[in-house]
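Structure below is protein30.txt: compact mmCIF, C-alpha atoms and all ligand atoms.
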```txt
# COMPACT_ATOMS: atom_id res chain seq x y z
CA ASN A 51 0.00 0.00 0.00
CA LYS A 52 1.57 3.23 -1.21
CA GLY A 53 -0.76 5.44 0.80
CA LYS A 54 -0.46 9.05 -0.34
CA TYR A 55 2.66 8.34 -2.39
CA GLU A 56 2.96 7.61 -6.09
CA HIS A 57 5.76 5.12 -5.82
CA TYR A 58 7.16 2.73 -3.21
CA MET A 59 10.62 4.25 -3.46
CA GLN A 60 9.16 7.67 -2.66
CA LYS A 61 7.17 6.24 0.25
CA GLU A 62 10.19 4.41 1.61
CA ILE A 63 12.42 7.49 1.40
CA HIS A 64 9.85 9.55 3.30
CA GLU A 65 9.27 6.78 5.82
CA GLN A 66 12.82 6.96 7.14
CA PRO A 67 12.07 8.91 10.34
CA GLU A 68 9.74 6.02 11.30
CA SER A 69 11.92 3.16 10.04
CA LEU A 70 14.92 4.54 11.93
CA THR A 71 12.78 4.72 15.05
CA THR A 72 11.67 1.08 14.78
CA THR A 73 15.24 -0.03 14.13
CA MET A 74 16.31 1.52 17.44
CA ARG A 75 13.20 0.59 19.43
CA GLY A 76 14.08 -1.19 22.67
CA ARG A 77 17.77 -1.14 21.82
CA LEU A 78 18.92 2.25 23.12
CA LEU A 79 19.49 2.64 26.84
CA LEU A 80 19.26 6.31 27.55
CA GLY A 81 20.72 6.07 31.04
CA GLY A 82 19.50 7.69 34.20
CA THR A 83 20.89 8.88 37.46
CA SER A 84 22.74 5.66 38.19
CA LYS A 85 22.57 3.83 34.88
CA ALA A 86 24.98 4.29 32.00
CA LYS A 87 23.86 5.06 28.48
CA GLY A 88 24.32 2.11 26.19
CA VAL A 89 22.83 -0.21 23.59
CA LEU A 90 21.25 -3.60 23.89
CA LEU A 91 21.27 -5.89 20.88
CA GLY A 92 19.42 -8.98 22.07
CA GLY A 93 20.69 -11.10 19.20
CA LEU A 94 24.34 -10.46 20.05
CA LYS A 95 24.47 -10.33 23.81
CA ASP A 96 25.63 -13.94 24.26
CA HIS A 97 28.32 -13.54 21.61
CA LEU A 98 29.87 -10.20 22.48
CA LYS A 99 32.77 -11.71 24.43
CA LYS A 100 33.78 -13.81 21.48
CA ILE A 101 33.40 -10.92 19.05
CA ARG A 102 35.59 -8.69 21.24
CA ARG A 103 38.29 -11.35 21.24
CA SER A 104 38.37 -11.68 17.45
CA ARG A 105 41.54 -10.66 15.61
CA ARG A 106 39.66 -9.08 12.75
CA ILE A 107 36.14 -8.14 11.73
CA VAL A 108 35.20 -8.70 8.10
CA PHE A 109 32.15 -6.95 6.63
CA ILE A 110 30.61 -8.70 3.65
CA GLY A 111 27.77 -7.56 1.42
CA CYS A 112 26.76 -6.58 -2.12
CA GLY A 113 25.60 -3.26 -3.56
CA THR A 114 23.82 -1.02 -1.10
CA SER A 115 24.44 -3.37 1.82
CA TYR A 116 28.18 -3.22 1.17
CA ASN A 117 27.97 0.59 1.13
CA ALA A 118 26.16 0.60 4.48
CA ALA A 119 28.92 -1.49 6.03
CA LEU A 120 31.53 0.84 4.56
CA ALA A 121 29.79 3.81 6.20
CA ALA A 122 30.14 2.15 9.62
CA ARG A 123 33.61 0.70 9.17
CA SER A 124 35.67 3.40 10.80
CA LEU A 125 33.43 3.71 13.86
CA VAL A 126 33.67 -0.03 14.48
CA GLU A 127 37.45 0.28 14.28
CA GLU A 128 37.48 3.34 16.51
CA LEU A 129 35.32 1.90 19.28
CA SER A 130 36.52 -1.71 19.21
CA GLY A 131 40.17 -1.28 18.26
CA ILE A 132 39.75 -4.33 16.02
CA PRO A 133 40.78 -3.96 12.35
CA VAL A 134 37.85 -4.13 9.96
CA THR A 135 38.24 -5.31 6.39
CA MET A 136 35.63 -4.92 3.68
CA GLU A 137 34.65 -7.63 1.22
CA ILE A 138 32.28 -7.58 -1.71
CA ALA A 139 30.75 -11.05 -1.41
CA SER A 140 31.42 -12.20 -4.97
CA ASP A 141 35.01 -11.00 -4.86
CA LEU A 142 35.80 -12.90 -1.66
CA VAL A 143 34.39 -16.06 -3.21
CA ASP A 144 36.16 -15.49 -6.57
CA ARG A 145 39.56 -15.28 -4.96
CA GLN A 146 38.87 -17.59 -2.01
CA GLY A 147 40.41 -14.94 0.26
CA PRO A 148 41.67 -15.96 3.69
CA ILE A 149 39.07 -16.23 6.47
CA TYR A 150 40.18 -17.54 9.86
CA ARG A 151 38.51 -19.04 12.91
CA GLU A 152 39.62 -15.94 14.87
CA ASP A 153 37.60 -13.72 12.51
CA THR A 154 34.15 -12.32 13.12
CA VAL A 155 32.46 -12.09 9.75
CA VAL A 156 29.44 -9.83 9.45
CA PHE A 157 27.01 -10.50 6.60
CA VAL A 158 24.92 -7.49 5.67
CA SER A 159 21.89 -8.17 3.49
CA GLN A 160 18.51 -6.49 3.35
CA SER A 161 16.75 -9.53 1.86
CA GLY A 162 18.87 -12.15 3.58
CA GLU A 163 18.65 -14.19 0.37
CA THR A 164 21.34 -12.75 -1.91
CA ALA A 165 23.11 -15.69 -3.57
CA ASP A 166 26.57 -14.10 -3.60
CA THR A 167 26.36 -13.25 0.09
CA LEU A 168 25.06 -16.73 0.93
CA GLN A 169 27.94 -18.31 -0.90
CA ALA A 170 30.38 -16.16 1.05
CA LEU A 171 28.56 -17.24 4.23
CA ASP A 172 29.01 -20.93 3.38
CA TYR A 173 32.67 -20.23 2.76
CA ALA A 174 33.13 -18.43 6.10
CA LEU A 175 31.28 -21.22 7.93
CA GLU A 176 33.59 -23.81 6.33
CA ASN A 177 36.51 -21.77 7.65
CA ASP A 178 35.08 -21.78 11.20
CA ALA A 179 34.67 -18.01 11.54
CA LEU A 180 32.02 -16.57 13.84
CA CYS A 181 29.26 -15.50 11.42
CA VAL A 182 26.98 -12.60 12.29
CA GLY A 183 23.98 -11.56 10.17
CA ILE A 184 22.47 -8.12 9.73
CA THR A 185 19.27 -8.47 7.78
CA ASN A 186 15.82 -7.02 7.37
CA THR A 187 14.10 -10.35 6.83
CA VAL A 188 13.24 -12.60 9.77
CA GLY A 189 13.53 -16.25 8.77
CA SER A 190 15.68 -15.49 5.71
CA ALA A 191 18.54 -17.81 4.76
CA ILE A 192 21.16 -15.45 6.19
CA ALA A 193 19.25 -15.03 9.45
CA ARG A 194 18.96 -18.82 9.77
CA ARG A 195 22.47 -19.81 8.81
CA THR A 196 24.47 -17.21 10.77
CA HIS A 197 25.45 -17.98 14.37
CA CYS A 198 23.82 -14.82 15.63
CA GLY A 199 22.81 -11.41 14.35
CA VAL A 200 20.57 -8.40 14.38
CA HIS A 201 17.34 -7.80 12.50
CA ILE A 202 17.21 -4.24 11.27
CA ASN A 203 13.42 -4.03 11.64
CA ALA A 204 13.07 -1.33 8.96
CA GLY A 205 9.77 -2.75 7.76
CA CYS A 206 9.17 -4.36 4.38
CA GLU A 207 10.99 -2.63 1.52
CA ILE A 208 9.31 -2.98 -1.86
CA GLY A 209 11.10 -0.54 -4.19
CA VAL A 210 13.95 -2.41 -5.87
CA ALA A 211 16.32 0.42 -4.97
CA SER A 212 17.14 0.10 -1.31
CA THR A 213 16.60 3.30 0.68
CA LYS A 214 15.22 2.91 4.20
CA ALA A 215 17.03 -0.41 4.64
CA TYR A 216 20.33 1.38 3.91
CA THR A 217 19.90 3.97 6.65
CA SER A 218 18.68 1.34 9.13
CA GLN A 219 21.63 -0.92 8.32
CA ILE A 220 24.02 1.92 9.15
CA VAL A 221 22.24 2.55 12.43
CA VAL A 222 22.45 -1.14 13.36
CA MET A 223 26.18 -1.16 12.62
CA VAL A 224 26.67 1.98 14.71
CA MET A 225 24.88 0.16 17.54
CA LEU A 226 27.09 -2.87 16.86
CA ALA A 227 30.17 -0.65 17.25
CA LEU A 228 28.82 0.65 20.57
CA ALA A 229 28.02 -2.89 21.73
CA ILE A 230 31.44 -4.36 21.02
CA GLY A 231 33.46 -1.29 21.97
CA ASP A 232 34.73 -1.17 25.52
CA ASP A 233 32.92 1.16 27.82
CA THR A 234 36.11 2.90 28.91
CA ILE A 235 36.34 6.24 30.63
CA SER A 236 38.24 7.68 27.68
CA SER A 237 35.46 6.77 25.24
CA LYS A 238 32.56 7.76 27.50
CA VAL A 239 31.97 11.22 26.07
CA ARG A 240 32.13 9.98 22.51
CA ARG A 241 29.83 7.02 23.18
CA GLU A 242 27.26 9.19 24.93
CA ALA A 243 27.32 11.74 22.11
CA ILE A 244 26.62 8.96 19.61
CA ILE A 245 23.76 7.57 21.68
CA ASP A 246 22.23 11.05 22.01
CA GLY A 247 22.77 11.46 18.27
CA LEU A 248 20.96 8.19 17.54
CA PHE A 249 18.08 9.33 19.70
CA ASP A 250 17.77 12.56 17.70
CA LEU A 251 18.36 10.99 14.30
CA PRO A 252 14.71 10.42 13.27
CA SER A 253 13.92 14.11 13.81
CA LYS A 254 16.99 15.14 11.79
CA ALA A 255 15.90 12.77 9.02
CA LYS A 256 12.52 14.48 9.04
CA GLU A 257 14.24 17.84 8.72
CA VAL A 258 16.39 16.81 5.76
CA LEU A 259 13.34 15.41 3.95
CA LYS A 260 12.17 19.01 3.62
CA LEU A 261 14.72 19.27 0.80
CA ASP A 262 12.34 17.28 -1.41
CA GLN A 263 11.30 20.24 -3.60
CA GLU A 264 14.86 21.49 -3.81
CA MET A 265 16.00 18.09 -5.02
CA GLU A 266 13.22 18.00 -7.59
CA ASP A 267 14.43 21.38 -8.89
CA LEU A 268 17.98 20.06 -9.05
CA ALA A 269 16.78 16.95 -10.88
CA GLN A 270 15.09 19.21 -13.41
CA LEU A 271 18.45 20.87 -14.07
CA LEU A 272 20.22 17.55 -14.46
CA ILE A 273 17.53 15.76 -16.42
CA ALA A 274 19.42 15.53 -19.71
CA GLU A 275 22.92 14.91 -18.36
CA GLN A 276 24.93 11.87 -19.37
CA SER A 277 26.83 11.56 -16.16
CA LEU A 278 27.08 12.70 -12.54
CA LEU A 279 30.13 12.36 -10.30
CA VAL A 280 29.87 12.26 -6.52
CA PHE A 281 32.96 13.03 -4.42
CA GLY A 282 33.12 12.03 -0.78
CA ARG A 283 35.67 10.96 1.80
CA GLY A 284 35.87 9.68 5.37
CA TYR A 285 32.45 8.68 6.67
CA ASN A 286 30.90 9.98 3.47
CA TYR A 287 32.87 8.01 0.93
CA ALA A 288 30.09 5.45 1.40
CA THR A 289 27.52 8.21 0.78
CA ALA A 290 29.21 9.03 -2.53
CA LEU A 291 29.11 5.38 -3.61
CA GLU A 292 25.52 4.94 -2.48
CA GLY A 293 24.26 8.20 -4.02
CA ALA A 294 25.87 7.24 -7.33
CA LEU A 295 24.44 3.71 -7.15
CA LYS A 296 20.93 5.12 -6.68
CA VAL A 297 21.27 7.49 -9.65
CA LYS A 298 22.68 4.73 -11.83
CA GLU A 299 20.15 2.04 -11.00
CA VAL A 300 16.90 3.99 -11.09
CA ALA A 301 17.56 7.11 -13.17
CA LEU A 302 19.63 5.06 -15.66
CA MET A 303 22.26 7.79 -15.74
CA HIS A 304 25.95 7.06 -15.49
CA SER A 305 27.13 8.04 -12.05
CA GLU A 306 30.25 7.32 -10.11
CA GLY A 307 31.11 7.74 -6.45
CA ILE A 308 34.71 8.80 -6.06
CA LEU A 309 36.95 8.94 -3.01
CA ALA A 310 37.95 12.60 -2.99
CA GLY A 311 41.46 11.71 -1.86
CA GLU A 312 41.89 9.94 -5.20
CA MET A 313 40.77 12.94 -7.26
CA LYS A 314 44.26 13.98 -8.29
CA HIS A 315 45.13 10.44 -9.28
CA GLY A 316 42.92 10.36 -12.36
CA PRO A 317 39.33 11.65 -12.03
CA LEU A 318 40.45 15.31 -12.15
CA ALA A 319 41.00 14.86 -15.88
CA LEU A 320 37.23 14.59 -16.34
CA VAL A 321 36.48 17.99 -14.82
CA ASP A 322 35.23 20.69 -17.18
CA GLU A 323 32.46 23.30 -17.29
CA THR A 324 29.76 20.81 -18.22
CA LEU A 325 30.08 17.66 -16.12
CA PRO A 326 27.99 18.00 -12.94
CA ILE A 327 29.82 17.03 -9.74
CA VAL A 328 28.35 16.62 -6.28
CA VAL A 329 30.92 17.25 -3.52
CA ILE A 330 29.99 16.13 -0.03
CA ALA A 331 31.62 18.60 2.36
CA THR A 332 29.74 18.45 5.64
CA ARG A 333 31.58 19.24 8.87
CA ASP A 334 33.86 16.52 10.20
CA THR A 335 37.59 15.95 10.43
CA CYS A 336 37.83 15.80 6.61
CA PHE A 337 36.14 19.18 6.12
CA SER A 338 39.24 21.26 5.42
CA LYS A 339 40.48 18.68 2.93
CA GLN A 340 37.13 18.81 1.15
CA GLN A 341 37.35 22.62 1.09
CA SER A 342 40.59 22.35 -0.78
CA VAL A 343 39.04 19.82 -3.18
CA ILE A 344 36.32 22.41 -3.88
CA GLN A 345 38.97 25.06 -4.55
CA GLN A 346 40.75 22.80 -6.99
CA LEU A 347 37.50 22.02 -8.77
CA HIS A 348 36.65 25.72 -8.91
CA ALA A 349 40.08 26.40 -10.43
CA ARG A 350 39.12 24.03 -13.27
CA LYS A 351 35.70 25.65 -13.63
CA GLY A 352 33.95 22.51 -12.42
CA ARG A 353 30.15 22.52 -12.32
CA LEU A 354 29.68 21.98 -8.61
CA ILE A 355 26.82 20.98 -6.36
CA VAL A 356 28.14 21.11 -2.80
CA MET A 357 26.47 19.35 0.10
CA CYS A 358 27.41 21.20 3.26
CA THR A 359 26.36 21.71 6.85
CA GLU A 360 23.60 24.26 7.50
CA GLY A 361 25.11 27.73 7.71
CA ASP A 362 28.21 26.87 5.65
CA ALA A 363 26.75 27.69 2.23
CA GLU A 364 28.59 30.95 1.67
CA SER A 365 31.96 29.98 3.02
CA VAL A 366 32.04 26.63 1.29
CA CYS A 367 31.51 28.11 -2.15
CA ALA A 368 33.77 31.13 -1.81
CA GLY A 369 36.00 31.35 -4.85
CA GLY A 370 33.55 30.15 -7.47
CA SER A 371 29.92 29.55 -8.20
CA CYS A 372 28.09 26.46 -7.11
CA ARG A 373 24.73 25.11 -6.10
CA VAL A 374 24.41 24.16 -2.46
CA ILE A 375 22.51 21.48 -0.56
CA GLU A 376 22.47 22.39 3.14
CA VAL A 377 21.88 19.57 5.59
CA PRO A 378 21.52 19.47 9.38
CA GLN A 379 24.60 18.47 11.33
CA VAL A 380 24.64 15.30 13.40
CA GLU A 381 27.43 13.32 15.09
CA ASP A 382 30.06 12.62 12.39
CA CYS A 383 29.51 8.84 12.29
CA LEU A 384 25.75 9.37 11.80
CA GLN A 385 26.11 12.02 9.11
CA PRO A 386 26.00 9.39 6.29
CA VAL A 387 22.41 8.60 7.34
CA ILE A 388 21.41 12.23 6.82
CA ASN A 389 23.57 12.95 3.77
CA VAL A 390 22.28 10.08 1.68
CA ILE A 391 18.66 11.25 1.92
CA PRO A 392 18.94 14.24 -0.49
CA LEU A 393 20.74 11.95 -2.93
CA GLN A 394 17.95 9.37 -2.68
CA LEU A 395 15.46 12.16 -3.39
CA LEU A 396 17.56 13.36 -6.31
CA ALA A 397 17.69 9.85 -7.82
CA TYR A 398 13.96 9.47 -7.32
CA HIS A 399 13.03 12.76 -9.00
CA LEU A 400 15.51 12.27 -11.83
CA THR A 401 13.89 8.93 -12.58
CA VAL A 402 10.36 10.28 -12.59
CA LEU A 403 11.33 13.28 -14.73
CA ARG A 404 13.21 11.08 -17.18
CA GLY A 405 10.14 8.85 -17.42
CA TYR A 406 11.63 5.60 -16.15
CA ASN A 407 10.17 2.96 -13.86
CA VAL A 408 11.18 3.95 -10.32
CA ASP A 409 10.15 0.87 -8.41
CA GLN A 410 11.26 -1.71 -10.94
CA PRO A 411 14.31 -0.52 -12.85
CA ARG A 412 14.98 -2.49 -16.01
CA ASN A 413 17.10 -5.64 -15.65
CA LEU A 414 17.10 -5.57 -11.84
CA ALA A 415 15.40 -7.72 -9.21
CA LYS A 416 14.75 -6.94 -5.57
CA SER A 417 16.45 -10.05 -4.39
CA VAL A 418 19.33 -11.40 -6.44
CA THR A 419 19.10 -15.12 -5.85
CA THR A 420 21.28 -16.18 -8.77
CA GLN A 421 25.02 -15.77 -9.23
C1 LIG B 501 13.81 -10.25 19.73
C2 LIG B 501 12.56 -10.56 18.91
C3 LIG B 501 11.62 -9.37 18.94
C4 LIG B 501 11.30 -9.02 20.41
C5 LIG B 501 12.58 -8.80 21.20
C6 LIG B 501 12.22 -8.65 22.67
C7 LIG B 501 12.50 -11.96 16.89
C8 LIG B 501 12.86 -12.14 15.46
N1 LIG B 501 12.90 -10.84 17.53
O1 LIG B 501 14.47 -9.12 19.13
O2 LIG B 501 10.44 -9.69 18.22
O3 LIG B 501 10.54 -7.83 20.45
O4 LIG B 501 13.44 -9.95 21.06
O5 LIG B 501 13.33 -8.69 23.46
O6 LIG B 501 11.82 -12.80 17.44
N2 LIG B 501 19.75 -13.58 14.20
C9 LIG B 501 20.67 -14.31 13.50
N3 LIG B 501 21.08 -13.83 12.29
C10 LIG B 501 20.60 -12.69 11.74
C11 LIG B 501 19.66 -11.93 12.47
C12 LIG B 501 19.25 -12.40 13.70
O7 LIG B 501 21.12 -15.37 13.95
O8 LIG B 501 20.99 -12.34 10.63
C13 LIG B 501 19.26 -14.10 15.52
C14 LIG B 501 19.76 -13.30 16.72
O9 LIG B 501 21.01 -13.73 17.17
C15 LIG B 501 18.66 -13.59 17.71
C16 LIG B 501 17.42 -13.72 16.85
O10 LIG B 501 17.87 -13.98 15.54
O11 LIG B 501 18.89 -14.81 18.37
C17 LIG B 501 16.55 -12.48 16.87
O12 LIG B 501 17.32 -11.34 16.49
P1 LIG B 501 16.75 -9.86 16.72
O13 LIG B 501 15.35 -9.82 16.20
O14 LIG B 501 17.69 -8.88 16.22
O15 LIG B 501 16.73 -9.86 18.32
P2 LIG B 501 16.04 -8.85 19.33
O16 LIG B 501 16.27 -7.45 18.95
O17 LIG B 501 16.45 -9.31 20.69
C1 LIG B 502 20.59 -1.24 -4.65
C2 LIG B 502 20.22 -2.57 -4.22
C3 LIG B 502 21.22 -3.67 -4.41
C4 LIG B 502 21.21 -4.57 -3.16
C5 LIG B 502 22.08 -5.80 -3.38
C6 LIG B 502 22.19 -6.63 -2.12
O1 LIG B 502 19.57 -0.35 -4.35
O2 LIG B 502 19.18 -2.77 -3.69
O3 LIG B 502 22.50 -3.17 -4.65
O4 LIG B 502 21.66 -3.82 -2.09
O5 LIG B 502 21.53 -6.58 -4.42
O6 LIG B 502 20.92 -7.02 -1.67
P1 LIG B 502 20.69 -7.49 -0.20
O7 LIG B 502 20.93 -6.35 0.70
O8 LIG B 502 19.27 -7.98 -0.17
O9 LIG B 502 21.69 -8.60 0.05
```

Spit out the file's structure as structure tokens when you get a sec.
Amino acid sequence: NKGKYEHYMQKEIHEQPESLTTTMRGRLLLGGTSKAKGVLLGGLKDHLKKIRRSRRIVFIGCGTSYNAALAARSLVEELSGIPVTMEIASDLVDRQGPIYREDTVVFVSQSGETADTLQALDYALENDALCVGITNTVGSAIARRTHCGVHINAGCEIGVASTKAYTSQIVVMVMLALAIGDDTISSKVRREAIIDGLFDLPSKAKEVLKLDQEMEDLAQLLIAEQSLLVFGRGYNYATALEGALKVKEVALMHSEGILAGEMKHGPLALVDETLPIVVIATRDTCFSKQQSVIQQLHARKGRLIVMCTEGDAESVCAGGSCRVIEVPQVEDCLQPVINVIPLQLLAYHLTVLRGYNVDQPRNLAKSVTTQ
């Protein structure tokens, strides 16, 4: 039931304040006079000791689910001190990469039925790793075959392009980082800021959804383009990949997410006055580096659309002209949840304006059960 919406993708984008709330329901401990703030992931509580002892955490997924894991990678490393490696499921299986019994391997899959991810799961089970699932589908193959896991509880997602499942997956992995990270005095302030940030996240998502009309206007400008680049780094490298994936799969426009730190090593050659480029430059520790990326793009007369923190519009574009998308600021590790929403809206509106099928893009299936 699409309710007041024309398409499922549109409904699912706008539903994110609610889906994020249900993902966190019963799992955030907000503390009190004597109690500490924390998280409770029922599906992991008996396995946390073993996870904390692992030598390495390996995140495995495909497409959007891989991008969600990438968005959470550095927080898991920061709070747990355990190195995290990233694997695209098919690539791990293709090269039969090393997986050890001291590894915790986390399988991220909205459907829980993706064939590539399942094959990687069989492979990790054969190698005696602890296998953890993060899925939206209770009773799915991944939920059944993993040793333990977390249901993201985002509600059924019907649009082939994943939207609300992506943001809920990130939130679950942020909670995973909090659950496995030690509750040390030195990390207390950071942990509490993240928990407060999680609590406020649905209202910030609601705020950023107000950009809907602005994104439709931007889509109108970009309707006939051949290509769109998206530059991000740090927490928002994943946002760049995910924004580009959305544009590619539904709007059928070439789009590429690029790690901004790699710009000078090739992609800069593409920059001219015509190619539209989204630069994600919200406030975090990478902000000044992104400012210098913007300057370099300005110097080459790049056609820029800059996503920045509210209030930064003027300063961020000094030195050239650009279009700005201003988003509310949240804790750095949660910013990918907010930043992806305008890009989801952009992909949605581009698709509708270009006259393509939003909910069922050509050649794609919701659940990829073949290899
Ligand atoms: C569980 C209940 C929820 C109830 C809550 C009350 C289910 C599915 N969930 O939620 O309805 O409100 O207790 O405390 O009955 N698992 C895997 N692999 C996965 C995902 C999950 O093995 O990929 C396992 C978990 O380890 C756990 C079980 O499935 O044993 C349920 O996981 P989850 O729904 O996340 O647990 P709770 O949040 O505790
Ligand atoms: C993109 C999309 C796909 C899926 C991928 C993995 O919007 O939906 O990239 O993310 O096929 O699917 P799951 O998460 O079900 O394993």

Open item on the list: When you count only C-alpha atoms and all ligand atoms, which of these residues is closest to ligand LIG 501 (chain B): A:Glu376, A:Asp178, A:Asp246, A:Glu163?
Closed with: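 For ligand LIG 501 (chain B), the nearest of the given residues is A:Glu163.
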
Task: atom CA of Cys358 of chain A to atom CA of Phe337 of chain A, distance in Å rounded to a single decimal - done: 9.4 Å

TODO: Tell me, as a PyMOL selection string, which residues lie within 10 Å of segment 81-89 of chain A, counting all atoms listed in the file; anything in the same chain fewer than 6 positions away does not count.
DONE: chain A and resi 74+224-230+233+238+241-246

Open item on the list: My list of candidates is A:Gly189, A:Gly183, A:Gly111, A:Gly147. Which is closest to Ala165 of chain A when distances are computed with only C-alpha atoms?
Closed with: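 Nearest to Ala165 of chain A: A:Gly111.
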
Set up a box along x, y and z of the file covering all listed atoms of segment 314-333 of chain A, add 3 Å on every one of the six sides, and write the centre and edge lengths in Å to one decimal, as lines of an AutoDock Vina configuration file.
```
center_x = 36.6
center_y = 16.8
center_z = -4.7
size_x = 23.1
size_y = 18.9
size_z = 33.1
```

Task: Best match for closeness to Cys367 of chain A among A:Gln263, A:Gln346, A:Gln66, A:Gln385, counting all atoms listed in the file - done: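 Between A:Gln263, A:Gln346, A:Gln66, A:Gln385, the residue approaching Cys367 of chain A most closely is A:Gln346.
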
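Take atom CA of Phe109 of chain A and atom CA of Gly282 of chain A: the distance between them is 20.4 Å.
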
- [ ] Give me, please, the distance in Å between atom CA of Pro317 of chain A and atom CA of Gly352 of chain A, quoted to one decimal.
- [x] 12.1 Å

Open item on the list: as a ChimeraX atom specification, please: the residues near Glu56 of chain A (cut-off 12 Å, all atoms listed in the file, same-chain neighbours under 2 positions excluded).
Closed with: /A:51-54,58-62,64,209,398-399,402,407-409

Open item on the list: Residues near Ala294 of chain A, anyone? I mean within 10 Å using all atoms listed in the file, not counting same-chain ones fewer than 6 positions away, as a list in words.
Closed with: Ser277, Leu278, Leu279, Val280, Phe281, Ala288, Met303, His304, Ser305, Glu306, Gly307, Ile308, Val328, Leu393, Gln394 and Ala397 of chain A

Using C-alpha atoms, can you export the residues from the last selection as an mmCIF file, in the coordinates of the input?
```
data_model
loop_
_atom_site.group_PDB
_atom_site.id
_atom_site.type_symbol
_atom_site.label_atom_id
_atom_site.label_comp_id
_atom_site.auth_asym_id
_atom_site.auth_seq_id
_atom_site.Cartn_x
_atom_site.Cartn_y
_atom_site.Cartn_z
ATOM 1 C CA SER A 277 26.830 11.560 -16.160
ATOM 2 C CA LEU A 278 27.080 12.700 -12.540
ATOM 3 C CA LEU A 279 30.130 12.360 -10.300
ATOM 4 C CA VAL A 280 29.870 12.260 -6.520
ATOM 5 C CA PHE A 281 32.960 13.030 -4.420
ATOM 6 C CA ALA A 288 30.090 5.450 1.400
ATOM 7 C CA MET A 303 22.260 7.790 -15.740
ATOM 8 C CA HIS A 304 25.950 7.060 -15.490
ATOM 9 C CA SER A 305 27.130 8.040 -12.050
ATOM 10 C CA GLU A 306 30.250 7.320 -10.110
ATOM 11 C CA GLY A 307 31.110 7.740 -6.450
ATOM 12 C CA ILE A 308 34.710 8.800 -6.060
ATOM 13 C CA VAL A 328 28.350 16.620 -6.280
ATOM 14 C CA LEU A 393 20.740 11.950 -2.930
ATOM 15 C CA GLN A 394 17.950 9.370 -2.680
ATOM 16 C CA ALA A 397 17.690 9.850 -7.820
#
```

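Considering only C-alpha atoms, the residue among A:Ser130, A:Gln341, A:Ser115, A:Gln169 positioned nearest to Leu98 of chain A is A:Ser130.
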